[in-house]
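Peer 1: Provided herewith: final_12.tsv, TSV, N, CA and C atoms.
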chain	number	residue	atom	x	y	z
Q	1207	MET	N	99.83	116.14	90.74
Q	1207	MET	CA	98.75	115.16	90.79
Q	1207	MET	C	97.42	115.89	90.69
Q	1208	ARG	N	96.56	115.42	89.82
Q	1208	ARG	CA	95.24	115.97	89.68
Q	1208	ARG	C	94.42	115.56	90.90
Q	1209	PRO	N	93.75	116.50	91.55
Q	1209	PRO	CA	92.99	116.13	92.75
Q	1209	PRO	C	91.92	115.09	92.45
Q	1210	VAL	N	91.91	114.04	93.23
Q	1210	VAL	CA	90.88	113.01	93.16
Q	1210	VAL	C	90.31	112.92	94.57
Q	1211	TYR	N	89.00	112.98	94.66
Q	1211	TYR	CA	88.37	113.01	95.97
Q	1211	TYR	C	87.54	111.76	96.18
Q	1212	PRO	N	87.51	111.24	97.41
Q	1212	PRO	CA	86.63	110.11	97.68
Q	1212	PRO	C	85.17	110.56	97.62
Q	1213	THR	N	84.30	109.63	97.32
Q	1213	THR	CA	82.87	109.91	97.37
Q	1213	THR	C	82.52	110.23	98.82
Q	1214	MET	N	81.70	111.27	99.02
Q	1214	MET	CA	81.36	111.68	100.39
Q	1214	MET	C	79.86	111.61	100.58
Q	1215	THR	N	79.45	110.85	101.60
Q	1215	THR	CA	78.05	110.71	101.93
Q	1215	THR	C	77.88	110.88	103.44
Q	1216	ALA	N	76.64	111.11	103.85
Q	1216	ALA	CA	76.38	111.30	105.28
Q	1216	ALA	C	74.97	110.86	105.61
Q	1217	HIS	N	74.83	110.39	106.84
Q	1217	HIS	CA	73.50	110.08	107.37
Q	1217	HIS	C	72.70	111.38	107.38
Q	1218	ASN	N	71.53	111.35	106.80
Q	1218	ASN	CA	70.63	112.50	106.83
Q	1218	ASN	C	71.24	113.75	106.18
Q	1219	ALA	N	72.00	113.57	105.11
Q	1219	ALA	CA	72.68	114.70	104.46
Q	1219	ALA	C	71.71	115.73	103.90
Q	1220	SER	N	70.51	115.30	103.50
Q	1220	SER	CA	69.56	116.26	102.94
Q	1220	SER	C	69.10	117.28	103.98
Q	1221	GLU	N	68.99	116.86	105.24
Q	1221	GLU	CA	68.58	117.78	106.30
Q	1221	GLU	C	69.76	118.40	107.03
Q	1222	GLU	N	70.93	117.78	106.91
Q	1222	GLU	CA	72.14	118.27	107.59
Q	1222	GLU	C	73.30	118.33	106.60
Q	1223	PRO	N	73.24	119.26	105.63
Q	1223	PRO	CA	74.29	119.31	104.60
Q	1223	PRO	C	75.67	119.66	105.15
Q	1224	TRP	N	75.73	120.21	106.34
Q	1224	TRP	CA	77.01	120.54	106.96
Q	1224	TRP	C	77.87	119.29	107.18
Q	1225	ARG	N	77.22	118.13	107.27
Q	1225	ARG	CA	77.99	116.89	107.42
Q	1225	ARG	C	78.91	116.65	106.23
Q	1226	LEU	N	78.44	116.95	105.03
Q	1226	LEU	CA	79.27	116.79	103.82
Q	1226	LEU	C	80.40	117.82	103.81
Q	1227	ASP	N	80.11	119.02	104.29
Q	1227	ASP	CA	81.15	120.06	104.36
Q	1227	ASP	C	82.29	119.62	105.27
Q	1228	ARG	N	81.96	119.01	106.39
Q	1228	ARG	CA	83.03	118.62	107.30
Q	1228	ARG	C	83.82	117.42	106.77
Q	1229	LEU	N	83.19	116.58	105.95
Q	1229	LEU	CA	83.95	115.51	105.30
Q	1229	LEU	C	84.96	116.10	104.31
Q	1230	ALA	N	84.54	117.13	103.59
Q	1230	ALA	CA	85.46	117.78	102.65
Q	1230	ALA	C	86.62	118.43	103.39
Q	1231	ARG	N	86.34	119.08	104.52
Q	1231	ARG	CA	87.42	119.67	105.32
Q	1231	ARG	C	88.36	118.59	105.85
Q	1232	THR	N	87.80	117.49	106.28
Q	1232	THR	CA	88.61	116.38	106.79
Q	1232	THR	C	89.52	115.83	105.70
Q	1233	ASP	N	88.99	115.68	104.49
Q	1233	ASP	CA	89.81	115.23	103.36
Q	1233	ASP	C	90.99	116.17	103.16
Q	1234	GLY	N	90.76	117.46	103.21
Q	1234	GLY	CA	91.84	118.43	103.06
Q	1234	GLY	C	92.87	118.33	104.18
Q	1235	ARG	N	92.41	118.12	105.41
Q	1235	ARG	CA	93.34	117.97	106.54
Q	1235	ARG	C	94.18	116.71	106.40
Q	1236	VAL	N	93.55	115.62	105.97
Q	1236	VAL	CA	94.29	114.36	105.78
Q	1236	VAL	C	95.41	114.56	104.76
Q	1237	ARG	N	95.08	115.18	103.64
Q	1237	ARG	CA	96.08	115.40	102.59
Q	1237	ARG	C	97.24	116.27	103.10
Q	1238	GLU	N	96.91	117.31	103.85
Q	1238	GLU	CA	97.96	118.19	104.38
Q	1238	GLU	C	98.85	117.44	105.38
Q	1239	LEU	N	98.25	116.68	106.28
Q	1239	LEU	CA	99.04	115.91	107.25
Q	1239	LEU	C	99.92	114.88	106.54
Q	1240	LEU	N	99.40	114.24	105.52
Q	1240	LEU	CA	100.21	113.26	104.78
Q	1240	LEU	C	101.35	113.93	104.03
Q	1241	ARG	N	101.13	115.15	103.54
Q	1241	ARG	CA	102.23	115.88	102.88
Q	1241	ARG	C	103.32	116.23	103.88
Q	1242	ILE	N	102.92	116.52	105.12
Q	1242	ILE	CA	103.89	116.85	106.17
Q	1242	ILE	C	104.66	115.60	106.61
Q	1243	LEU	N	103.96	114.49	106.75
Q	1243	LEU	CA	104.55	113.28	107.33
Q	1243	LEU	C	105.31	112.39	106.36
Q	1244	THR	N	105.00	112.47	105.08
Q	1244	THR	CA	105.63	111.55	104.12
Q	1244	THR	C	106.38	112.33	103.05
Q	1245	ARG	N	107.40	111.69	102.50
Q	1245	ARG	CA	108.23	112.37	101.51
Q	1245	ARG	C	107.51	112.51	100.19
Q	1246	GLU	N	108.05	113.37	99.33
Q	1246	GLU	CA	107.46	113.59	98.01
Q	1246	GLU	C	107.54	112.32	97.17
Q	1247	ALA	N	106.52	112.12	96.37
Q	1247	ALA	CA	106.52	110.99	95.44
Q	1247	ALA	C	107.45	111.34	94.28
Q	1248	PRO	N	108.25	110.41	93.83
Q	1248	PRO	CA	109.23	110.72	92.77
Q	1248	PRO	C	108.60	111.02	91.41
Q	1249	ASP	N	107.37	110.58	91.18
Q	1249	ASP	CA	106.79	110.72	89.85
Q	1249	ASP	C	105.73	111.81	89.70
Q	1250	ASP	N	105.41	112.53	90.76
Q	1250	ASP	CA	104.44	113.64	90.65
Q	1250	ASP	C	104.64	114.63	91.79
Q	1251	GLU	N	103.70	115.58	91.91
Q	1251	GLU	CA	103.84	116.65	92.91
Q	1251	GLU	C	103.35	116.28	94.30
Q	1252	SER	N	102.72	115.15	94.44
Q	1252	SER	CA	102.16	114.79	95.74
Q	1252	SER	C	103.18	114.08	96.61
Q	1253	SER	N	102.77	113.81	97.83
Q	1253	SER	CA	103.60	113.01	98.73
Q	1253	SER	C	103.22	111.54	98.55
Q	1254	LEU	N	104.06	110.66	99.06
Q	1254	LEU	CA	103.74	109.23	98.99
Q	1254	LEU	C	102.42	108.92	99.71
Q	1255	GLY	N	102.24	109.51	100.88
Q	1255	GLY	CA	101.03	109.27	101.65
Q	1255	GLY	C	99.77	109.77	100.95
Q	1256	GLU	N	99.87	110.95	100.33
Q	1256	GLU	CA	98.70	111.47	99.62
Q	1256	GLU	C	98.37	110.58	98.42
Q	1257	GLY	N	99.40	110.04	97.78
Q	1257	GLY	CA	99.16	109.12	96.67
Q	1257	GLY	C	98.42	107.87	97.13
Q	1258	VAL	N	98.79	107.35	98.29
Q	1258	VAL	CA	98.10	106.18	98.85
Q	1258	VAL	C	96.65	106.55	99.14
Q	1259	TRP	N	96.44	107.71	99.75
Q	1259	TRP	CA	95.09	108.18	100.08
Q	1259	TRP	C	94.23	108.26	98.82
Q	1260	VAL	N	94.74	108.88	97.79
Q	1260	VAL	CA	93.98	109.10	96.56
Q	1260	VAL	C	93.64	107.77	95.88
Q	1261	ARG	N	94.59	106.85	95.86
Q	1261	ARG	CA	94.37	105.60	95.14
Q	1261	ARG	C	93.55	104.57	95.91
Q	1262	HIS	N	93.55	104.63	97.24
Q	1262	HIS	CA	92.97	103.52	98.00
Q	1262	HIS	C	91.81	103.88	98.92
Q	1263	VAL	N	91.53	105.14	99.13
Q	1263	VAL	CA	90.36	105.53	99.92
Q	1263	VAL	C	89.30	106.00	98.94
Q	1264	THR	N	88.27	105.19	98.77
Q	1264	THR	CA	87.28	105.43	97.72
Q	1264	THR	C	86.07	106.24	98.18
Q	1265	ALA	N	85.77	106.19	99.47
Q	1265	ALA	CA	84.59	106.90	99.97
Q	1265	ALA	C	84.75	107.19	101.45
Q	1266	MET	N	84.04	108.25	101.89
Q	1266	MET	CA	83.97	108.59	103.31
Q	1266	MET	C	82.50	108.81	103.64
Q	1267	HIS	N	82.06	108.24	104.75
Q	1267	HIS	CA	80.66	108.36	105.16
Q	1267	HIS	C	80.60	108.81	106.62
Q	1268	ASP	N	79.84	109.87	106.87
Q	1268	ASP	CA	79.61	110.35	108.24
Q	1268	ASP	C	78.35	109.68	108.75
Q	1269	ASP	N	78.52	108.69	109.62
Q	1269	ASP	CA	77.39	107.96	110.18
Q	1269	ASP	C	77.13	108.45	111.59
Q	1270	ARG	N	76.46	109.59	111.68
Q	1270	ARG	CA	76.12	110.20	112.97
Q	1270	ARG	C	77.35	110.47	113.82
Q	1271	GLY	N	78.41	110.96	113.20
Q	1271	GLY	CA	79.62	111.32	113.93
Q	1271	GLY	C	80.74	110.31	113.83
Q	1272	THR	N	80.44	109.11	113.39
Q	1272	THR	CA	81.49	108.12	113.13
Q	1272	THR	C	81.85	108.21	111.66
Q	1273	LEU	N	83.12	108.43	111.39
Q	1273	LEU	CA	83.58	108.49	110.01
Q	1273	LEU	C	83.94	107.09	109.56
Q	1274	ILE	N	83.28	106.61	108.52
Q	1274	ILE	CA	83.58	105.30	107.96
Q	1274	ILE	C	84.27	105.52	106.63
Q	1275	ALA	N	85.54	105.12	106.55
Q	1275	ALA	CA	86.32	105.25	105.33
Q	1275	ALA	C	86.27	103.93	104.57
Q	1276	HIS	N	85.87	104.00	103.31
Q	1276	HIS	CA	85.84	102.82	102.46
Q	1276	HIS	C	87.19	102.72	101.76
Q	1277	VAL	N	87.86	101.58	101.95
Q	1277	VAL	CA	89.22	101.43	101.44
Q	1277	VAL	C	89.36	100.17	100.60
Q	1278	SER	N	90.40	100.16	99.78
Q	1278	SER	CA	90.69	99.00	98.95
Q	1278	SER	C	91.23	97.86	99.80
Q	1279	LYS	N	91.10	96.65	99.28
Q	1279	LYS	CA	91.65	95.47	99.97
Q	1279	LYS	C	93.17	95.57	100.07
Q	1280	SER	N	93.81	96.11	99.04
Q	1280	SER	CA	95.28	96.21	99.09
Q	1280	SER	C	95.74	97.17	100.18
Q	1281	LEU	N	94.99	98.26	100.43
Q	1281	LEU	CA	95.35	99.14	101.54
Q	1281	LEU	C	95.15	98.43	102.86
Q	1282	ALA	N	94.05	97.70	102.99
Q	1282	ALA	CA	93.77	96.98	104.24
Q	1282	ALA	C	94.85	95.95	104.55
Q	1283	ASP	N	95.45	95.40	103.53
Q	1283	ASP	CA	96.49	94.39	103.72
Q	1283	ASP	C	97.88	94.98	103.87
Q	1284	SER	N	98.01	96.28	103.81
Q	1284	SER	CA	99.33	96.90	103.83
Q	1284	SER	C	99.63	97.57	105.17
Q	1285	SER	N	100.89	97.93	105.34
Q	1285	SER	CA	101.29	98.65	106.55
Q	1285	SER	C	100.88	100.12	106.50
Q	1286	TRP	N	100.32	100.57	105.39
Q	1286	TRP	CA	99.83	101.94	105.28
Q	1286	TRP	C	98.52	102.16	106.04
Q	1287	LEU	N	97.74	101.11	106.27
Q	1287	LEU	CA	96.43	101.29	106.90
Q	1287	LEU	C	96.52	101.95	108.28
Q	1288	PRO	N	97.42	101.53	109.18
Q	1288	PRO	CA	97.51	102.24	110.46
Q	1288	PRO	C	97.94	103.70	110.30
Q	1289	VAL	N	98.79	103.99	109.33
Q	1289	VAL	CA	99.22	105.38	109.09
Q	1289	VAL	C	98.02	106.20	108.64
Q	1290	ILE	N	97.29	105.70	107.65
Q	1290	ILE	CA	96.10	106.40	107.17
Q	1290	ILE	C	95.08	106.53	108.30
Q	1291	GLY	N	94.94	105.48	109.10
Q	1291	GLY	CA	93.99	105.52	110.22
Q	1291	GLY	C	94.34	106.58	111.24
Q	1292	ALA	N	95.60	106.66	111.62
Q	1292	ALA	CA	96.02	107.65	112.61
Q	1292	ALA	C	95.84	109.07	112.08
Q	1293	VAL	N	96.20	109.28	110.82
Q	1293	VAL	CA	96.07	110.62	110.22
Q	1293	VAL	C	94.59	110.98	110.08
Q	1294	LEU	N	93.78	110.03	109.62
Q	1294	LEU	CA	92.34	110.30	109.46
Q	1294	LEU	C	91.70	110.60	110.81
Q	1295	SER	N	92.09	109.87	111.84
Q	1295	SER	CA	91.55	110.12	113.17
Q	1295	SER	C	91.89	111.53	113.65
Q	1296	ARG	N	93.12	111.94	113.43
Q	1296	ARG	CA	93.54	113.30	113.83
Q	1296	ARG	C	92.77	114.36	113.05
Q	1297	ALA	N	92.60	114.14	111.76
Q	1297	ALA	CA	91.88	115.10	110.93
Q	1297	ALA	C	90.40	115.16	111.32
Q	1298	TRP	N	89.79	114.03	111.61
Q	1298	TRP	CA	88.39	113.99	112.00
Q	1298	TRP	C	88.20	114.61	113.38
Q	1299	ASN	N	89.19	114.47	114.24
Q	1299	ASN	CA	89.15	115.10	115.55
Q	1299	ASN	C	89.06	116.62	115.43
Q	1300	GLY	N	89.56	117.17	114.33
Q	1300	GLY	CA	89.44	118.61	114.08
Q	1300	GLY	C	88.00	119.06	113.92
Q	1301	GLU	N	87.10	118.13	113.68
Q	1301	GLU	CA	85.67	118.41	113.60
Q	1301	GLU	C	84.97	118.08	114.92
Q	1302	ASP	N	85.75	117.94	115.98
Q	1302	ASP	CA	85.24	117.57	117.30
Q	1302	ASP	C	84.56	116.21	117.30
Q	1303	GLU	N	85.03	115.35	116.43
Q	1303	GLU	CA	84.58	113.96	116.38
Q	1303	GLU	C	85.82	113.09	116.50
Q	1304	GLY	N	85.67	111.88	116.96
Q	1304	GLY	CA	86.85	111.06	117.13
Q	1304	GLY	C	86.70	109.63	116.67
Q	1305	SER	N	85.49	109.21	116.36
Q	1305	SER	CA	85.27	107.82	116.03
Q	1305	SER	C	85.50	107.58	114.54
Q	1306	VAL	N	86.45	106.67	114.24
Q	1306	VAL	CA	86.79	106.35	112.86
Q	1306	VAL	C	86.76	104.83	112.70
Q	1307	ALA	N	86.24	104.38	111.56
Q	1307	ALA	CA	86.21	102.96	111.24
Q	1307	ALA	C	86.49	102.79	109.75
Q	1308	PHE	N	86.80	101.57	109.36
Q	1308	PHE	CA	87.11	101.28	107.96
Q	1308	PHE	C	86.21	100.17	107.43
Q	1309	LYS	N	85.76	100.35	106.21
Q	1309	LYS	CA	85.00	99.33	105.48
Q	1309	LYS	C	85.88	98.92	104.32
Q	1310	VAL	N	86.35	97.67	104.36
Q	1310	VAL	CA	87.24	97.16	103.32
Q	1310	VAL	C	86.40	96.64	102.16
Q	1311	GLN	N	86.82	96.99	100.96
Q	1311	GLN	CA	86.12	96.58	99.76
Q	1311	GLN	C	85.92	95.06	99.76
Q	1312	GLY	N	84.66	94.64	99.64
Q	1312	GLY	CA	84.34	93.22	99.60
Q	1312	GLY	C	84.12	92.56	100.94
Q	1313	ALA	N	84.41	93.23	102.02
Q	1313	ALA	CA	84.23	92.66	103.36
Q	1313	ALA	C	82.90	93.13	103.95
Q	1314	PRO	N	82.19	92.26	104.67
Q	1314	PRO	CA	80.89	92.65	105.20
Q	1314	PRO	C	80.96	93.52	106.46
Q	1315	GLU	N	82.03	93.42	107.23
Q	1315	GLU	CA	82.08	94.12	108.51
Q	1315	GLU	C	82.88	95.42	108.42
Q	1316	VAL	N	82.60	96.27	109.39
Q	1316	VAL	CA	83.33	97.52	109.55
Q	1316	VAL	C	84.36	97.30	110.65
Q	1317	ILE	N	85.59	97.76	110.42
Q	1317	ILE	CA	86.67	97.56	111.39
Q	1317	ILE	C	86.92	98.88	112.13
Q	1318	PRO	N	86.73	98.90	113.46
Q	1318	PRO	CA	87.02	100.11	114.23
Q	1318	PRO	C	88.52	100.43	114.20
Q	1319	LEU	N	88.83	101.71	114.25
Q	1319	LEU	CA	90.23	102.13	114.23
Q	1319	LEU	C	91.03	101.51	115.37
Q	1320	GLY	N	90.45	101.37	116.54
Q	1320	GLY	CA	91.15	100.78	117.67
Q	1320	GLY	C	91.68	99.39	117.37
Q	1321	ASP	N	90.94	98.61	116.59
Q	1321	ASP	CA	91.40	97.27	116.23
Q	1321	ASP	C	92.60	97.34	115.28
Q	1322	ILE	N	92.64	98.37	114.44
Q	1322	ILE	CA	93.74	98.52	113.48
Q	1322	ILE	C	95.01	98.98	114.18
Q	1323	LEU	N	94.87	99.83	115.18
Q	1323	LEU	CA	96.03	100.39	115.86
Q	1323	LEU	C	96.56	99.52	117.00
Q	1324	LYS	N	95.93	98.39	117.28
Q	1324	LYS	CA	96.45	97.46	118.28
Q	1324	LYS	C	97.82	96.97	117.83
Q	1325	ALA	N	98.67	96.67	118.79
Q	1325	ALA	CA	100.01	96.21	118.46
Q	1325	ALA	C	100.00	94.96	117.58
Q	1326	GLU	N	99.03	94.08	117.77
Q	1326	GLU	CA	98.99	92.86	116.98
Q	1326	GLU	C	98.21	93.02	115.69
Q	1327	GLY	N	97.63	94.20	115.43
Q	1327	GLY	CA	96.92	94.47	114.18
Q	1327	GLY	C	95.48	94.00	114.21
Q	1328	PRO	N	94.81	94.07	113.05
Q	1328	PRO	CA	93.39	93.67	112.98
Q	1328	PRO	C	93.20	92.21	113.36
Q	1329	VAL	N	92.08	91.94	113.98
Q	1329	VAL	CA	91.77	90.58	114.41
Q	1329	VAL	C	90.72	90.02	113.50
Can I see the file as structure tokens?
Peer 2:
Amino acid sequence: MRPVYPTMTAHNASEEPWRLDRLARTDGRVRELLRILTREAPDDESSLGEGVWVRHVTAMHDDRGTLIAHVSKSLADSSWLPVIGAVLSRAWNGEDEGSVAFKVQGAPEVIPLGDILKAEGPV
């Protein structure tokens, strides 16, 4: 699979360029964790989870320590969202940050990870 990366932006990136560096490291950690946790995709060299990440996570934004992942509506409606959320949270925790939220394409609100990981799902 040819590497495809989400767009990476950050609050105050011009004065704090290290924020973009940590988003890039987080992207790498997510991909590695997904390769460990999910089986290989039958049609390419990636894992199933990495394929979902590449196709459905379009952007990552560091908003003063909260990572906001922009995702497709189809990912938000699937059972993959909690998996991606848990892996992204673990990877972001590697940067000594823990707050993760999702912005679904076309939706006005941001959904905190805690709402996604509730037993009953997003509200």
Peer 1: Per DSSP on the backbone, filter segment 1211-1319 of chain Q down to the residues in helix (DSSP H, G or I) and report them as a CSV table (one decimal) with N, CA and C atoms, keeping the file's coordinate frame.
Peer 2:
chain,number,residue,atom,x,y,z
Q,1224,TRP,N,75.7,120.2,106.3
Q,1224,TRP,CA,77.0,120.5,107.0
Q,1224,TRP,C,77.9,119.3,107.2
Q,1225,ARG,N,77.2,118.1,107.3
Q,1225,ARG,CA,78.0,116.9,107.4
Q,1225,ARG,C,78.9,116.6,106.2
Q,1226,LEU,N,78.4,117.0,105.0
Q,1226,LEU,CA,79.3,116.8,103.8
Q,1226,LEU,C,80.4,117.8,103.8
Q,1227,ASP,N,80.1,119.0,104.3
Q,1227,ASP,CA,81.2,120.1,104.4
Q,1227,ASP,C,82.3,119.6,105.3
Q,1228,ARG,N,82.0,119.0,106.4
Q,1228,ARG,CA,83.0,118.6,107.3
Q,1228,ARG,C,83.8,117.4,106.8
Q,1229,LEU,N,83.2,116.6,106.0
Q,1229,LEU,CA,84.0,115.5,105.3
Q,1229,LEU,C,85.0,116.1,104.3
Q,1230,ALA,N,84.5,117.1,103.6
Q,1230,ALA,CA,85.5,117.8,102.6
Q,1230,ALA,C,86.6,118.4,103.4
Q,1231,ARG,N,86.3,119.1,104.5
Q,1231,ARG,CA,87.4,119.7,105.3
Q,1231,ARG,C,88.4,118.6,105.8
Q,1232,THR,N,87.8,117.5,106.3
Q,1232,THR,CA,88.6,116.4,106.8
Q,1232,THR,C,89.5,115.8,105.7
Q,1233,ASP,N,89.0,115.7,104.5
Q,1233,ASP,CA,89.8,115.2,103.4
Q,1233,ASP,C,91.0,116.2,103.2
Q,1234,GLY,N,90.8,117.5,103.2
Q,1234,GLY,CA,91.8,118.4,103.1
Q,1234,GLY,C,92.9,118.3,104.2
Q,1235,ARG,N,92.4,118.1,105.4
Q,1235,ARG,CA,93.3,118.0,106.5
Q,1235,ARG,C,94.2,116.7,106.4
Q,1236,VAL,N,93.6,115.6,106.0
Q,1236,VAL,CA,94.3,114.4,105.8
Q,1236,VAL,C,95.4,114.6,104.8
Q,1237,ARG,N,95.1,115.2,103.6
Q,1237,ARG,CA,96.1,115.4,102.6
Q,1237,ARG,C,97.2,116.3,103.1
Q,1238,GLU,N,96.9,117.3,103.8
Q,1238,GLU,CA,98.0,118.2,104.4
Q,1238,GLU,C,98.8,117.4,105.4
Q,1239,LEU,N,98.2,116.7,106.3
Q,1239,LEU,CA,99.0,115.9,107.2
Q,1239,LEU,C,99.9,114.9,106.5
Q,1240,LEU,N,99.4,114.2,105.5
Q,1240,LEU,CA,100.2,113.3,104.8
Q,1240,LEU,C,101.4,113.9,104.0
Q,1241,ARG,N,101.1,115.2,103.5
Q,1241,ARG,CA,102.2,115.9,102.9
Q,1241,ARG,C,103.3,116.2,103.9
Q,1242,ILE,N,102.9,116.5,105.1
Q,1242,ILE,CA,103.9,116.8,106.2
Q,1242,ILE,C,104.7,115.6,106.6
Q,1243,LEU,N,104.0,114.5,106.8
Q,1243,LEU,CA,104.6,113.3,107.3
Q,1243,LEU,C,105.3,112.4,106.4
Q,1254,LEU,N,104.1,110.7,99.1
Q,1254,LEU,CA,103.7,109.2,99.0
Q,1254,LEU,C,102.4,108.9,99.7
Q,1255,GLY,N,102.2,109.5,100.9
Q,1255,GLY,CA,101.0,109.3,101.6
Q,1255,GLY,C,99.8,109.8,101.0
Q,1256,GLU,N,99.9,111.0,100.3
Q,1256,GLU,CA,98.7,111.5,99.6
Q,1256,GLU,C,98.4,110.6,98.4
Q,1257,GLY,N,99.4,110.0,97.8
Q,1257,GLY,CA,99.2,109.1,96.7
Q,1257,GLY,C,98.4,107.9,97.1
Q,1258,VAL,N,98.8,107.4,98.3
Q,1258,VAL,CA,98.1,106.2,98.8
Q,1258,VAL,C,96.6,106.6,99.1
Q,1259,TRP,N,96.4,107.7,99.8
Q,1259,TRP,CA,95.1,108.2,100.1
Q,1259,TRP,C,94.2,108.3,98.8
Q,1260,VAL,N,94.7,108.9,97.8
Q,1260,VAL,CA,94.0,109.1,96.6
Q,1260,VAL,C,93.6,107.8,95.9
Q,1261,ARG,N,94.6,106.8,95.9
Q,1261,ARG,CA,94.4,105.6,95.1
Q,1261,ARG,C,93.6,104.6,95.9
Q,1262,HIS,N,93.6,104.6,97.2
Q,1262,HIS,CA,93.0,103.5,98.0
Q,1262,HIS,C,91.8,103.9,98.9
Q,1279,LYS,N,91.1,96.6,99.3
Q,1279,LYS,CA,91.6,95.5,100.0
Q,1279,LYS,C,93.2,95.6,100.1
Q,1280,SER,N,93.8,96.1,99.0
Q,1280,SER,CA,95.3,96.2,99.1
Q,1280,SER,C,95.7,97.2,100.2
Q,1281,LEU,N,95.0,98.3,100.4
Q,1281,LEU,CA,95.4,99.1,101.5
Q,1281,LEU,C,95.2,98.4,102.9
Q,1282,ALA,N,94.0,97.7,103.0
Q,1282,ALA,CA,93.8,97.0,104.2
Q,1282,ALA,C,94.8,96.0,104.6
Q,1286,TRP,N,100.3,100.6,105.4
Q,1286,TRP,CA,99.8,101.9,105.3
Q,1286,TRP,C,98.5,102.2,106.0
Q,1287,LEU,N,97.7,101.1,106.3
Q,1287,LEU,CA,96.4,101.3,106.9
Q,1287,LEU,C,96.5,102.0,108.3
Q,1288,PRO,N,97.4,101.5,109.2
Q,1288,PRO,CA,97.5,102.2,110.5
Q,1288,PRO,C,97.9,103.7,110.3
Q,1289,VAL,N,98.8,104.0,109.3
Q,1289,VAL,CA,99.2,105.4,109.1
Q,1289,VAL,C,98.0,106.2,108.6
Q,1290,ILE,N,97.3,105.7,107.6
Q,1290,ILE,CA,96.1,106.4,107.2
Q,1290,ILE,C,95.1,106.5,108.3
Q,1291,GLY,N,94.9,105.5,109.1
Q,1291,GLY,CA,94.0,105.5,110.2
Q,1291,GLY,C,94.3,106.6,111.2
Q,1292,ALA,N,95.6,106.7,111.6
Q,1292,ALA,CA,96.0,107.6,112.6
Q,1292,ALA,C,95.8,109.1,112.1
Q,1293,VAL,N,96.2,109.3,110.8
Q,1293,VAL,CA,96.1,110.6,110.2
Q,1293,VAL,C,94.6,111.0,110.1
Q,1294,LEU,N,93.8,110.0,109.6
Q,1294,LEU,CA,92.3,110.3,109.5
Q,1294,LEU,C,91.7,110.6,110.8
Q,1295,SER,N,92.1,109.9,111.8
Q,1295,SER,CA,91.6,110.1,113.2
Q,1295,SER,C,91.9,111.5,113.6
Q,1296,ARG,N,93.1,111.9,113.4
Q,1296,ARG,CA,93.5,113.3,113.8
Q,1296,ARG,C,92.8,114.4,113.0
Q,1297,ALA,N,92.6,114.1,111.8
Q,1297,ALA,CA,91.9,115.1,110.9
Q,1297,ALA,C,90.4,115.2,111.3
Q,1298,TRP,N,89.8,114.0,111.6
Q,1298,TRP,CA,88.4,114.0,112.0
Q,1298,TRP,C,88.2,114.6,113.4
Q,1299,ASN,N,89.2,114.5,114.2
Q,1299,ASN,CA,89.2,115.1,115.6
Q,1299,ASN,C,89.1,116.6,115.4
Q,1319,LEU,N,88.8,101.7,114.2
Q,1319,LEU,CA,90.2,102.1,114.2
Q,1319,LEU,C,91.0,101.5,115.4
Peer 1: From the set Q:Gly1255, Q:Gly1320, Q:Pro1288, Q:Pro1248, which residue has the shortest atom-to-atom contact distance to Val1236 of chain Q, counting only N, CA and C atoms?
Peer 2: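 The shortest atom-to-atom distance to Val1236 of chain Q comes from Q:Gly1255.
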Peer 1: Quick one, how far is atom CA of Arg1241 of chain Q from atom CA of Lys1279 of chain Q?
Peer 2: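 Computing it gives 23.2 Å between the two atoms.
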Peer 1: Looking at only C-alpha atoms, which of Q:Val1263, Q:Leu1243, Q:Ile1290, Q:Ile1322 is the one that sits closest to Tyr1211 of chain Q?
Peer 2: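 Of Q:Val1263, Q:Leu1243, Q:Ile1290, Q:Ile1322, the one nearest Tyr1211 of chain Q is Q:Val1263, counting only C-alpha atoms.
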Peer 1: Could you work out how far atom C of Ile1274 of chain Q lies from atom CA of Val1258 of chain Q, giving the answer in Å with one decimal?
Peer 2: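 Calculated distance between atom CA of Val1258 of chain Q and atom C of Ile1274 of chain Q is 15.9 Å.
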Peer 1: What's around Ser1295 of chain Q at 9 Å? Count only C-alpha atoms, leave out sequence neighbours fewer than 4 positions away in its own chain, and write the answer as a PyMOL selection string.
Peer 2: chain Q and resi 1236+1273+1290-1291+1299-1300+1303-1306+1319
Peer 1: Can you measure atom CA of Met1214 of chain Q to atom CA of Arg1245 of chain Q for me? One decimal in Å is fine.
Peer 2: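 Going from atom CA of Met1214 of chain Q over to atom CA of Arg1245 of chain Q covers 26.9 Å.
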Peer 1: With only C-alpha atoms as the basis for distance, which of Q:Arg1225, Q:His1217, Q:Arg1231, Q:Arg1237 is at the shortest distance from Val1293 of chain Q?
Peer 2: Q:Arg1237
Peer 1: Can you work out which one of Q:Ala1307, Q:Ser1220, Q:Trp1286, Q:Glu1246 has the shortest atom-to-atom distance to Asp1269 of chain Q, counting only C-alpha atoms?
Peer 2: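 Result for the nearest residue to Asp1269 of chain Q: Q:Ala1307.
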Peer 1: Might you pull out every residue within 8 Å of Val1210 of chain Q, with all atoms listed in the file counted and same-chain residues fewer than 6 positions away left off, and present them as a ChimeraX atom specification?
Peer 2: /Q:1259-1261
Peer 1: Go ahead and write the residues just picked, N, CA and C atoms, as a CSV table (one decimal), in the frame of the given file.
Peer 2:
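The resulting out.csv:
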chain,number,residue,atom,x,y,z
Q,1259,TRP,N,96.4,107.7,99.8
Q,1259,TRP,CA,95.1,108.2,100.1
Q,1259,TRP,C,94.2,108.3,98.8
Q,1260,VAL,N,94.7,108.9,97.8
Q,1260,VAL,CA,94.0,109.1,96.6
Q,1260,VAL,C,93.6,107.8,95.9
Q,1261,ARG,N,94.6,106.8,95.9
Q,1261,ARG,CA,94.4,105.6,95.1
Q,1261,ARG,C,93.6,104.6,95.9
Peer 1: Based on DSSP run over this structure's backbone, return all residues of chain Q in strand (DSSP E or B), as a ChimeraX atom specification.
Peer 2: /Q:1213-1216,1246,1253,1263-1269,1272-1277,1306-1310,1316-1318
Peer 1: With only C-alpha atoms as the atoms that count, which of Q:Thr1213, Q:Ala1219, Q:Leu1323, Q:Ala1247 lies nearest to Val1289 of chain Q?
Peer 2: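 Selected residue with least distance to Val1289 of chain Q: Q:Leu1323.
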